[in-house]
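K.L.:
Handing over protein_16.tsv, TSV, C-alpha atoms.
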```tsv
chain	number	residue	atom	x	y	z
B	95	MET	CA	27.30	18.39	-10.84
B	96	LYS	CA	25.71	19.12	-14.20
B	97	LYS	CA	22.13	20.24	-14.18
B	98	ILE	CA	19.68	17.35	-14.16
B	99	SER	CA	16.79	17.62	-16.61
B	100	PHE	CA	13.21	16.35	-16.49
B	101	PHE	CA	14.13	13.64	-18.96
B	102	ASP	CA	17.15	12.41	-16.96
B	103	VAL	CA	14.98	11.95	-13.89
B	104	PHE	CA	12.17	10.39	-15.91
B	105	LYS	CA	14.47	7.79	-17.51
B	106	VAL	CA	15.88	6.61	-14.19
B	107	PHE	CA	12.47	6.36	-12.52
B	108	LEU	CA	11.05	4.57	-15.53
B	109	LYS	CA	13.66	1.90	-14.90
B	110	ILE	CA	12.93	1.90	-11.15
B	111	GLY	CA	9.23	1.41	-11.93
B	112	ILE	CA	9.98	-1.61	-14.11
B	113	ILE	CA	12.13	-3.41	-11.56
B	114	LEU	CA	9.92	-2.53	-8.60
B	115	LEU	CA	8.37	-5.95	-8.08
B	116	GLY	CA	6.42	-7.08	-5.08
B	117	GLY	CA	5.59	-4.03	-3.04
B	118	GLY	CA	6.98	-0.89	-1.45
B	119	TYR	CA	10.03	-1.68	0.61
B	120	VAL	CA	12.05	-3.12	-2.29
B	121	ILE	CA	12.46	0.50	-3.38
B	122	ILE	CA	15.28	1.04	-0.87
B	123	PRO	CA	17.81	-1.41	-2.36
B	124	ILE	CA	16.76	-0.34	-5.89
B	125	MET	CA	17.24	3.36	-5.17
B	126	LYS	CA	20.51	2.60	-3.46
B	127	SER	CA	21.95	0.95	-6.55
B	128	GLU	CA	20.39	3.26	-9.17
B	129	LEU	CA	20.73	6.65	-7.48
B	130	ILE	CA	23.66	6.31	-5.09
B	131	GLU	CA	25.99	3.73	-6.57
B	132	LYS	CA	25.45	4.27	-10.30
B	133	ARG	CA	24.81	8.01	-10.46
B	134	ASN	CA	25.86	9.55	-7.18
B	135	TRP	CA	22.74	11.74	-7.14
B	136	LEU	CA	22.12	11.09	-3.44
B	137	ASN	CA	23.97	9.95	-0.36
B	138	GLU	CA	22.99	7.24	2.11
B	139	ASP	CA	21.86	9.71	4.76
B	140	GLU	CA	19.48	11.43	2.38
B	141	LEU	CA	17.96	8.13	1.31
B	142	CYS	CA	17.46	7.18	4.93
B	143	ASP	CA	15.87	10.56	5.74
B	144	TYR	CA	13.54	10.30	2.75
B	145	TYR	CA	12.43	6.86	3.87
B	146	CYS	CA	11.63	8.13	7.36
B	147	VAL	CA	9.73	11.15	6.06
B	148	SER	CA	7.83	9.04	3.51
B	149	GLN	CA	6.53	6.82	6.27
B	150	CYS	CA	5.08	9.85	8.03
B	151	LEU	CA	3.27	11.10	4.93
B	152	PRO	CA	-0.06	9.98	3.52
B	153	GLY	CA	-0.05	7.78	0.43
B	154	ILE	CA	2.32	5.17	-0.97
B	155	ILE	CA	5.77	5.02	0.54
B	156	ALA	CA	7.57	4.24	-2.73
B	157	ALA	CA	5.74	7.06	-4.54
B	158	ASN	CA	6.50	9.56	-1.78
B	159	MET	CA	10.17	8.59	-1.87
B	160	SER	CA	10.25	9.11	-5.63
B	161	ILE	CA	8.69	12.55	-5.23
B	162	LEU	CA	11.21	13.53	-2.56
B	163	VAL	CA	14.19	12.36	-4.63
B	164	GLY	CA	12.81	14.00	-7.78
B	165	TYR	CA	12.23	17.27	-5.93
B	166	LYS	CA	15.76	17.20	-4.59
B	167	LEU	CA	17.19	16.65	-8.10
B	168	ALA	CA	15.15	19.17	-10.11
B	169	LYS	CA	12.49	20.81	-7.91
B	170	ILE	CA	8.81	20.36	-8.84
B	171	LYS	CA	9.76	19.39	-12.39
B	172	GLY	CA	11.88	16.58	-10.99
B	173	ALA	CA	9.14	15.48	-8.62
B	174	LEU	CA	6.72	15.17	-11.55
B	175	ALA	CA	9.30	13.39	-13.70
B	176	ALA	CA	9.96	10.90	-10.90
B	177	ILE	CA	6.33	10.08	-10.14
B	178	ILE	CA	5.32	9.84	-13.80
B	179	GLY	CA	8.38	7.73	-14.63
B	180	MET	CA	7.83	5.40	-11.71
B	181	SER	CA	4.10	4.97	-12.37
B	182	PHE	CA	4.43	4.39	-16.09
B	183	SER	CA	5.25	0.70	-16.37
B	184	PRO	CA	3.01	-0.42	-13.48
B	185	PHE	CA	0.17	1.51	-15.14
B	186	VAL	CA	0.74	-0.07	-18.55
B	187	SER	CA	1.17	-3.59	-17.18
B	188	ILE	CA	-1.97	-3.38	-15.06
B	189	VAL	CA	-4.03	-1.99	-17.94
B	190	ILE	CA	-2.87	-4.86	-20.18
B	191	ILE	CA	-3.63	-7.46	-17.51
B	192	ALA	CA	-7.01	-5.92	-16.68
B	193	HIS	CA	-7.83	-5.87	-20.38
B	194	LEU	CA	-6.97	-9.54	-20.80
B	195	LEU	CA	-8.37	-10.58	-17.43
B	196	ASN	CA	-11.33	-12.54	-18.80
B	197	LYS	CA	-9.06	-14.41	-21.20
B	198	ILE	CA	-6.54	-15.03	-18.42
B	199	LEU	CA	-9.30	-16.32	-16.14
B	200	ALA	CA	-10.44	-18.71	-18.88
B	201	ILE	CA	-7.12	-20.62	-18.77
B	202	PRO	CA	-8.07	-23.83	-16.92
B	203	PHE	CA	-5.51	-23.86	-14.12
B	204	ILE	CA	-5.51	-20.08	-13.56
B	205	GLU	CA	-8.27	-20.23	-10.98
B	206	SER	CA	-6.19	-22.63	-8.91
B	207	LEU	CA	-3.17	-20.38	-9.35
B	208	PHE	CA	-5.12	-17.40	-8.05
B	209	TRP	CA	-6.50	-19.51	-5.24
B	210	GLY	CA	-2.93	-20.16	-4.07
B	211	VAL	CA	-1.67	-16.61	-4.63
B	212	ASN	CA	-4.68	-15.14	-2.84
B	213	LEU	CA	-4.04	-17.30	0.19
B	214	SER	CA	-0.42	-16.20	0.24
B	215	VAL	CA	-1.69	-12.62	0.64
B	216	ILE	CA	-2.78	-13.53	4.19
B	217	VAL	CA	0.84	-14.38	4.97
B	218	LEU	CA	2.09	-11.23	3.20
B	219	ILE	CA	-0.21	-9.14	5.36
B	220	TYR	CA	1.21	-10.89	8.39
B	221	LEU	CA	4.75	-10.03	7.19
B	222	ALA	CA	3.85	-6.38	6.62
B	223	LEU	CA	2.35	-6.23	10.11
B	224	LYS	CA	5.36	-7.88	11.70
B	225	GLU	CA	7.51	-5.19	10.11
B	226	MET	CA	5.37	-2.38	11.56
B	227	TRP	CA	4.49	-3.96	14.89
B	228	SER	CA	7.51	-3.10	17.06
B	229	LYS	CA	7.46	0.54	15.96
B	230	SER	CA	3.69	0.84	16.41
B	231	ILE	CA	2.70	-1.07	19.52
B	232	VAL	CA	5.11	0.49	21.99
B	233	ASP	CA	3.13	0.72	25.24
B	234	LEU	CA	-0.17	-0.08	26.94
B	235	PHE	CA	-2.08	2.74	25.27
B	236	SER	CA	-1.01	1.80	21.73
B	237	ALA	CA	-1.94	-1.83	22.42
B	238	PHE	CA	-5.36	-0.73	23.68
B	239	TRP	CA	-5.79	1.62	20.72
B	240	PHE	CA	-4.90	-1.18	18.30
B	241	VAL	CA	-7.65	-3.43	19.75
B	242	PHE	CA	-10.14	-0.57	19.83
B	243	ILE	CA	-9.59	0.38	16.18
B	244	LEU	CA	-9.56	-3.27	15.14
B	245	ILE	CA	-13.04	-3.74	16.64
B	246	LEU	CA	-14.32	-0.58	14.94
B	247	ALA	CA	-12.80	-1.69	11.61
B	248	ILE	CA	-14.45	-5.11	11.85
B	249	LEU	CA	-17.74	-3.33	12.62
B	250	LYS	CA	-17.18	-1.57	9.26
B	251	VAL	CA	-16.65	1.96	10.52
B	252	ASN	CA	-15.37	4.09	7.64
B	253	PRO	CA	-11.53	3.92	7.78
B	254	ALA	CA	-11.26	7.63	6.89
B	255	TYR	CA	-12.98	8.51	10.19
B	256	LEU	CA	-10.59	6.25	12.06
B	257	ILE	CA	-7.59	7.97	10.47
B	258	ILE	CA	-8.97	11.48	11.08
B	259	GLY	CA	-9.88	10.56	14.67
B	260	SER	CA	-6.35	9.27	15.25
B	261	ILE	CA	-4.80	12.46	13.89
B	262	PHE	CA	-6.99	14.57	16.21
B	263	LEU	CA	-6.15	12.43	19.21
B	264	GLY	CA	-2.44	12.77	18.43
B	265	VAL	CA	-2.71	16.57	18.34
B	266	ILE	CA	-4.73	16.59	21.60
B	267	PHE	CA	-2.12	14.41	23.32
B	268	GLN	CA	0.60	16.87	22.41
B	269	ILE	CA	-1.43	19.88	23.54
B	270	VAL	CA	-2.13	18.18	26.89
B	271	LYS	CA	1.55	17.30	27.24
B	272	ASP	CA	2.54	20.92	26.54
B	273	LYS	CA	0.05	22.24	29.11
B	274	ARG	CA	1.34	19.83	31.76
B	275	GLY	CA	4.89	20.89	30.94
B	276	ASN	CA	3.96	24.55	31.49
B	277	ASN	CA	2.21	23.89	34.79
B	278	ALA	CA	5.07	21.90	36.27
O	548	MET	CA	-21.19	9.14	-16.80
O	549	HIS	CA	-19.37	12.36	-16.00
O	550	SER	CA	-20.32	12.03	-12.39
O	551	THR	CA	-18.76	8.55	-12.30
O	552	TYR	CA	-15.44	10.02	-13.47
O	553	PHE	CA	-15.68	12.60	-10.73
O	554	LEU	CA	-16.55	9.99	-8.10
O	555	LEU	CA	-13.69	7.77	-9.18
O	556	PHE	CA	-11.27	10.67	-8.93
O	557	PHE	CA	-12.63	11.77	-5.58
O	558	GLU	CA	-12.67	8.26	-4.06
O	559	PHE	CA	-9.03	7.63	-4.96
O	560	LEU	CA	-8.07	11.11	-3.81
O	561	LYS	CA	-9.42	10.00	-0.44
O	562	VAL	CA	-7.35	6.82	-0.59
O	563	GLY	CA	-4.24	8.88	-1.37
O	564	LEU	CA	-4.96	11.23	1.50
O	565	PHE	CA	-5.88	8.70	4.17
O	566	THR	CA	-3.56	5.78	3.50
O	567	TYR	CA	-0.82	5.52	6.09
O	568	GLY	CA	1.52	2.57	6.17
O	569	GLY	CA	1.81	1.11	2.68
O	570	GLY	CA	-0.38	-0.60	0.10
O	571	TYR	CA	-2.30	-2.96	2.35
O	572	ALA	CA	-3.47	0.01	4.42
O	573	SER	CA	-5.48	1.14	1.39
O	574	LEU	CA	-7.47	-2.11	1.33
O	575	PRO	CA	-10.13	-1.12	3.88
O	576	PHE	CA	-10.96	1.83	1.61
O	577	LEU	CA	-11.23	-0.43	-1.40
O	578	TYR	CA	-13.52	-2.85	0.47
O	579	LEU	CA	-15.71	0.09	1.41
O	580	MET	CA	-15.72	1.18	-2.25
O	581	ALA	CA	-16.78	-2.30	-3.33
O	582	ASP	CA	-19.68	-2.11	-0.85
O	583	THR	CA	-20.71	1.42	-1.80
O	584	TYR	CA	-20.46	1.36	-5.60
O	585	ASN	CA	-20.85	-1.47	-8.09
O	586	TRP	CA	-17.43	-0.75	-9.60
O	587	PHE	CA	-15.89	-4.08	-8.59
O	588	SER	CA	-16.84	-7.04	-6.42
O	589	HIS	CA	-15.09	-8.38	-3.33
O	590	GLU	CA	-13.99	-11.32	-5.44
O	591	GLN	CA	-12.42	-9.03	-8.04
O	592	LEU	CA	-10.75	-7.10	-5.27
O	593	VAL	CA	-9.07	-10.27	-4.06
O	594	GLN	CA	-7.94	-11.07	-7.63
O	595	LEU	CA	-6.61	-7.56	-7.84
O	596	ILE	CA	-4.50	-8.04	-4.72
O	597	ALA	CA	-2.96	-11.14	-6.26
O	598	ILE	CA	-2.32	-9.41	-9.60
O	599	SER	CA	-0.77	-6.38	-7.89
O	600	GLY	CA	1.66	-8.63	-6.14
O	601	ILE	CA	2.99	-10.19	-9.33
O	602	THR	CA	3.27	-7.04	-11.47
O	603	PRO	CA	5.78	-4.21	-11.00
O	604	GLY	CA	5.04	-1.11	-8.98
O	605	PRO	CA	3.61	-0.24	-5.60
O	606	ILE	CA	0.49	-2.22	-4.72
O	607	GLY	CA	-1.57	0.89	-3.93
O	608	LEU	CA	-0.99	2.33	-7.38
O	609	ASN	CA	-1.70	-0.97	-9.11
O	610	MET	CA	-4.99	-1.19	-7.28
O	611	ALA	CA	-6.02	2.28	-8.35
O	612	THR	CA	-5.18	1.52	-11.98
O	613	PHE	CA	-6.98	-1.82	-11.93
O	614	ALA	CA	-10.09	-0.50	-10.19
O	615	GLY	CA	-10.25	2.48	-12.55
O	616	TYR	CA	-9.88	0.27	-15.61
O	617	GLN	CA	-12.53	-2.17	-14.37
O	618	THR	CA	-14.91	0.71	-13.88
O	619	LEU	CA	-14.39	3.08	-16.78
O	620	GLY	CA	-11.65	1.73	-19.05
O	621	LEU	CA	-8.40	3.47	-19.89
O	622	LEU	CA	-9.55	6.96	-18.94
O	623	GLY	CA	-10.90	5.57	-15.66
O	624	ALA	CA	-7.52	3.97	-14.93
O	625	PHE	CA	-5.83	7.28	-15.59
O	626	ILE	CA	-8.26	9.26	-13.46
O	627	SER	CA	-8.09	6.98	-10.43
O	628	SER	CA	-4.27	6.85	-10.55
O	629	PHE	CA	-4.13	10.61	-10.88
O	630	GLY	CA	-6.51	11.02	-7.94
O	631	LEU	CA	-4.34	8.74	-5.85
O	632	ILE	CA	-1.10	10.51	-6.71
O	633	LEU	CA	-2.27	14.14	-6.59
O	634	PRO	CA	-2.29	14.58	-2.78
O	635	MET	CA	1.16	13.00	-2.63
O	636	ILE	CA	2.60	15.38	-5.23
O	637	ILE	CA	1.22	18.41	-3.41
O	638	ILE	CA	1.93	17.39	0.18
O	639	THR	CA	5.23	15.62	-0.31
O	640	SER	CA	6.89	18.31	-2.41
O	641	GLN	CA	5.85	20.94	0.15
O	642	VAL	CA	7.20	18.83	2.97
O	643	PHE	CA	10.53	18.40	1.17
O	644	ARG	CA	11.51	21.96	1.89
O	645	LEU	CA	11.20	21.50	5.62
O	646	TYR	CA	11.72	17.78	5.88
O	647	ARG	CA	14.22	17.71	8.72
O	648	LYS	CA	12.00	19.93	10.81
O	649	PHE	CA	8.95	17.92	9.77
O	650	SER	CA	10.11	14.56	11.04
O	651	GLU	CA	11.40	16.17	14.28
O	652	ASN	CA	8.18	18.11	14.90
O	653	LYS	CA	6.54	17.13	18.20
O	654	TYR	CA	3.01	17.22	16.75
O	655	VAL	CA	4.02	14.97	13.86
O	656	LYS	CA	5.59	12.56	16.35
O	657	SER	CA	2.51	12.59	18.55
O	658	ILE	CA	0.17	12.04	15.59
O	659	LEU	CA	2.26	9.11	14.39
O	660	TYR	CA	2.21	7.60	17.87
O	661	VAL	CA	-1.59	7.25	17.52
O	662	LEU	CA	-1.69	6.68	13.76
O	663	ARG	CA	0.70	3.72	13.70
O	664	PRO	CA	-1.44	1.38	15.83
O	665	THR	CA	-4.45	2.56	13.79
O	666	SER	CA	-2.90	1.47	10.52
O	667	CYS	CA	-1.76	-1.82	12.09
O	668	ALA	CA	-5.37	-2.42	13.16
O	669	LEU	CA	-6.73	-1.56	9.70
O	670	ILE	CA	-4.30	-3.96	8.05
O	671	THR	CA	-5.13	-6.66	10.60
O	672	SER	CA	-8.82	-6.24	9.84
O	673	VAL	CA	-8.08	-6.86	6.15
O	674	GLY	CA	-6.12	-10.01	7.05
O	675	ALA	CA	-9.02	-11.23	9.18
O	676	LYS	CA	-11.45	-10.47	6.38
O	677	LEU	CA	-9.39	-12.37	3.82
O	678	PHE	CA	-9.12	-15.31	6.20
O	679	TYR	CA	-12.89	-15.28	6.67
O	680	ASN	CA	-13.60	-14.99	2.94
O	681	LEU	CA	-11.00	-17.39	1.59
O	682	ILE	CA	-10.63	-20.09	4.23
O	683	LEU	CA	-14.00	-20.05	5.97
O	684	ASN	CA	-15.74	-19.27	2.66
O	685	SER	CA	-17.59	-16.39	4.34
O	686	LYS	CA	-19.46	-18.76	6.67
O	687	LEU	CA	-19.02	-19.72	10.29
O	688	ASP	CA	-19.61	-23.37	9.44
O	689	PHE	CA	-16.87	-25.91	10.02
O	690	SER	CA	-18.04	-28.22	7.24
O	691	LYS	CA	-17.32	-25.43	4.71
O	692	VAL	CA	-13.74	-24.75	5.78
O	693	ASP	CA	-11.12	-24.91	3.02
O	694	TYR	CA	-8.69	-27.20	4.90
O	695	LEU	CA	-6.26	-27.42	1.98
O	696	GLY	CA	-6.09	-23.62	1.86
O	697	PHE	CA	-5.61	-23.50	5.61
O	698	ALA	CA	-2.73	-25.99	5.32
O	699	LEU	CA	-1.12	-23.82	2.62
O	700	VAL	CA	-1.36	-20.72	4.82
O	701	VAL	CA	0.16	-22.58	7.78
O	702	PHE	CA	2.95	-23.88	5.54
O	703	LEU	CA	3.73	-20.37	4.22
O	704	PHE	CA	3.58	-19.02	7.75
O	705	LEU	CA	6.19	-21.59	8.86
O	706	LEU	CA	8.35	-20.60	5.87
O	707	THR	CA	8.50	-17.00	7.14
O	708	PHE	CA	10.88	-18.25	9.84
O	709	LYS	CA	13.24	-19.56	7.16
O	710	LEU	CA	12.89	-17.24	4.16
O	711	LYS	CA	13.39	-13.54	3.54
O	712	ARG	CA	10.43	-11.20	3.58
O	713	ASP	CA	10.44	-10.76	-0.21
O	714	PRO	CA	6.71	-11.20	-1.05
O	715	ILE	CA	7.26	-12.60	-4.52
O	716	ILE	CA	8.72	-15.85	-3.09
O	717	TYR	CA	5.55	-16.60	-1.13
O	718	MET	CA	3.30	-15.75	-4.06
O	719	ALA	CA	5.33	-17.98	-6.37
O	720	ILE	CA	5.27	-20.93	-3.97
O	721	ALA	CA	1.54	-20.52	-3.36
O	722	GLY	CA	0.82	-20.17	-7.08
O	723	ILE	CA	2.78	-23.31	-7.93
O	724	PHE	CA	1.00	-25.15	-5.11
O	725	GLY	CA	-2.35	-24.03	-6.56
O	726	VAL	CA	-1.45	-25.28	-10.04
O	727	CYS	CA	-0.23	-28.61	-8.62
O	728	VAL	CA	-3.53	-29.03	-6.76
O	729	TYR	CA	-5.36	-28.46	-10.05
O	730	PHE	CA	-3.42	-31.13	-11.92
O	731	LEU	CA	-3.62	-33.65	-9.08
O	732	LYS	CA	-7.37	-33.34	-8.71
```
What does this structure look like when you write it as structure tokens?
P.N.:
Amino acid sequence: MKKISFFDVFKVFLKIGIILLGGGYVIIPIMKSELIEKRNWLNEDELCDYYCVSQCLPGIIAANMSILVGYKLAKIKGALAAIIGMSFSPFVSIVIIAHLLNKILAIPFIESLFWGVNLSVIVLIYLALKEMWSKSIVDLFSAFWFVFILILAILKVNPAYLIIGSIFLGVIFQIVKDKRGNNA
Amino acid sequence: MHSTYFLLFFEFLKVGLFTYGGGYASLPFLYLMADTYNWFSHEQLVQLIAISGITPGPIGLNMATFAGYQTLGLLGAFISSFGLILPMIIITSQVFRLYRKFSENKYVKSILYVLRPTSCALITSVGAKLFYNLILNSKLDFSKVDYLGFALVVFLFLLTFKLKRDPIIYMAIAGIFGVCVYFLK
């Protein structure tokens, strides 16, 4: 395979950024068609691995996947090309919308439109949760932990503490498990 | 002024570092930001969620750009997006080199076992908050309930049994419903 340059990676991810409508998980079918079927830069297994790893990493899943693919194609240069390319059109479109927001809000029916779209977000959150639920709430402890964190979140505890606390607890669980394994 | 740039960068760096589980998981951080600084209001945050859904790109990134622009214009948008992305560039490209080992690592697995219900709970809290703000109009008073809005949510919820999970469909239907309500009033 011929060497892939910064600009090659940038161009493809610029396109991915433009067609990436409506949230993170649409990136899988898009990457499949752009990177596997059209260019043969990846194989299915790699895409699947990248998706799994991206879910374990902090940040945005689609952005992490772009960085992984970019890194695979052209090391750190590729990772930068991918993330800049992917972010470009969302950045520009949001800046334009934010700039025109007051004019947009002045259109008479726009408030009603937002009213509807905002309400749909409640259902979108439900859909995102449904997707995560079976992988997340797997036993009695995780169900208990879910309720516990939910109460803390509603009481407005800083979410960063909740994340850090969870990471610590995860490490402690593994240490305890290892100790028990050694004693047995 | 300079300190605001720094704060904006630092706050979104935190979002980039502590968000697990997609765009909606970053919302609790943005709510906290709205409470802590006068960069944007809760109302603007809700508008921002709607806008992010109908423009290209990951929701988390759109939110960073929008919040940055609202606060400090173009440079602000750039700084908050950069803050959000920076931890990902550093961590993710390091992880690439050992990625098979990483996802098989027992500590990573154990951390995720605890972290997954946490991010479910954080996202649920945002859903509950939106329900409280939008349908109950931030009051526990049954005369103030937005029944039309509640009906729309129930309708969309019933549609989830029929339609695919593609978010844009639900936003489009809800938007059209909103416009119809306007013209029928």
K.L.:
Would you compute the distance between atom CA of Ala611 of chain O and atom CA of Trp586 of chain O? Give it in Å to one decimal.
P.N.:
11.9 Å
K.L.:
Excluding same-chain residues fewer than 3 positions from Ala572 of chain O, what lies within 8 Å of it counting only C-alpha atoms, as an MDAnalysis selection string?
P.N.:
chainID O and resid 566:569 575 666 669:670
K.L.:
Give me the residues near Leu579 of chain O as a short mmCIF file (atom, residue, chain, number, x, y, z; two decimals) with C-alpha atoms, in the coordinates of the input, where near means some atom within 10 Å (using only C-alpha atoms) and where sequence neighbours in that chain fewer than 2 positions away do not count.
P.N.:
```
data_model
loop_
_atom_site.label_atom_id
_atom_site.label_comp_id
_atom_site.auth_asym_id
_atom_site.auth_seq_id
_atom_site.Cartn_x
_atom_site.Cartn_y
_atom_site.Cartn_z
CA LYS B 250 -17.18 -1.57 9.26
CA VAL B 251 -16.65 1.96 10.52
CA ASN B 252 -15.37 4.09 7.64
CA PRO B 253 -11.53 3.92 7.78
CA LEU O 574 -7.47 -2.11 1.33
CA PRO O 575 -10.13 -1.12 3.88
CA PHE O 576 -10.96 1.83 1.61
CA LEU O 577 -11.23 -0.43 -1.40
CA ALA O 581 -16.78 -2.30 -3.33
CA ASP O 582 -19.68 -2.11 -0.85
CA THR O 583 -20.71 1.42 -1.80
CA TYR O 584 -20.46 1.36 -5.60
CA HIS O 589 -15.09 -8.38 -3.33
#
```
K.L.:
To one decimal in Å, tell me the separation between atom CA of Leu195 of chain B and atom CA of Leu619 of chain O.
P.N.:
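Straight-line distance from atom CA of Leu195 of chain B to atom CA of Leu619 of chain O works out to 14.9 Å.
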K.L.:
Just the number, please: distance in Å from atom CA of Ala237 of chain B to atom CA of Tyr717 of chain O, one decimal.
P.N.:
28.8 Å
K.L.:
Tell me which protein, DNA and RNA residues are within 8 Å of segment 158-175 of chain B, counting only C-alpha atoms, leaving out same-chain ones fewer than 2 positions away, and put them as a list of chain:residue names.
P.N.:
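Here the answer would be B:Ile98, B:Ser99, B:Phe100, B:Phe101, B:Val103, B:Phe104, B:Phe107, B:Trp135, B:Tyr144, B:Tyr145, B:Ser148, B:Leu151, B:Gly153, B:Ile154, B:Ile155, B:Ala156, B:Ile177, B:Ile178, B:Gly179, B:Met180, O:Met635, O:Ile636, O:Thr639, O:Ser640, O:Phe643.
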K.L.:
Could you please select, counting only C-alpha atoms, the residues of chain B within 6 Å of chain O and state them as a short mmCIF file (atom, residue, chain, number, x, y, z; two decimals) with C-alpha atoms, in the coordinates of the input?
P.N.:
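And here is the file that came out, part_18.cif:
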```
data_model
loop_
_atom_site.label_atom_id
_atom_site.label_comp_id
_atom_site.auth_asym_id
_atom_site.auth_seq_id
_atom_site.Cartn_x
_atom_site.Cartn_y
_atom_site.Cartn_z
CA GLY B 111 9.23 1.41 -11.93
CA ILE B 112 9.98 -1.61 -14.11
CA LEU B 114 9.92 -2.53 -8.60
CA LEU B 115 8.37 -5.95 -8.08
CA GLY B 116 6.42 -7.08 -5.08
CA GLY B 117 5.59 -4.03 -3.04
CA GLY B 118 6.98 -0.89 -1.45
CA PRO B 152 -0.06 9.98 3.52
CA GLY B 153 -0.05 7.78 0.43
CA ILE B 154 2.32 5.17 -0.97
CA ILE B 155 5.77 5.02 0.54
CA PRO B 184 3.01 -0.42 -13.48
CA PHE B 203 -5.51 -23.86 -14.12
CA SER B 206 -6.19 -22.63 -8.91
CA LEU B 207 -3.17 -20.38 -9.35
CA GLY B 210 -2.93 -20.16 -4.07
CA VAL B 211 -1.67 -16.61 -4.63
CA ASN B 212 -4.68 -15.14 -2.84
CA SER B 214 -0.42 -16.20 0.24
CA ILE B 216 -2.78 -13.53 4.19
CA SER B 230 3.69 0.84 16.41
CA SER B 236 -1.01 1.80 21.73
CA PHE B 240 -4.90 -1.18 18.30
CA ILE B 243 -9.59 0.38 16.18
CA LEU B 244 -9.56 -3.27 15.14
CA SER B 260 -6.35 9.27 15.25
CA ILE B 261 -4.80 12.46 13.89
CA GLY B 264 -2.44 12.77 18.43
CA VAL B 265 -2.71 16.57 18.34
#
```
K.L.:
Looking at B:Leu136, B:Ala157, B:Ile219, B:Leu246, which one is nearest to Ile121 of chain B, with distances taken over only C-alpha atoms?
P.N.:
B:Ala157
K.L.:
Between O:Gly623, O:Asn680, O:Asn585, O:Gln591, which residue has the minimum interatomic distance to His549 of chain O, considering only C-alpha atoms?
P.N.:
O:Gly623
K.L.:
Provide an axis-aligned box for all listed atoms of segment 148-162 of chain B, padding each side by 4 Å; report its centre and its edge lengths in Å to one decimal, as JSON.
P.N.:
```
{"center_x": 5.6, "center_y": 8.9, "center_z": 1.2, "size_x": 19.3, "size_y": 17.3, "size_z": 21.7}
```
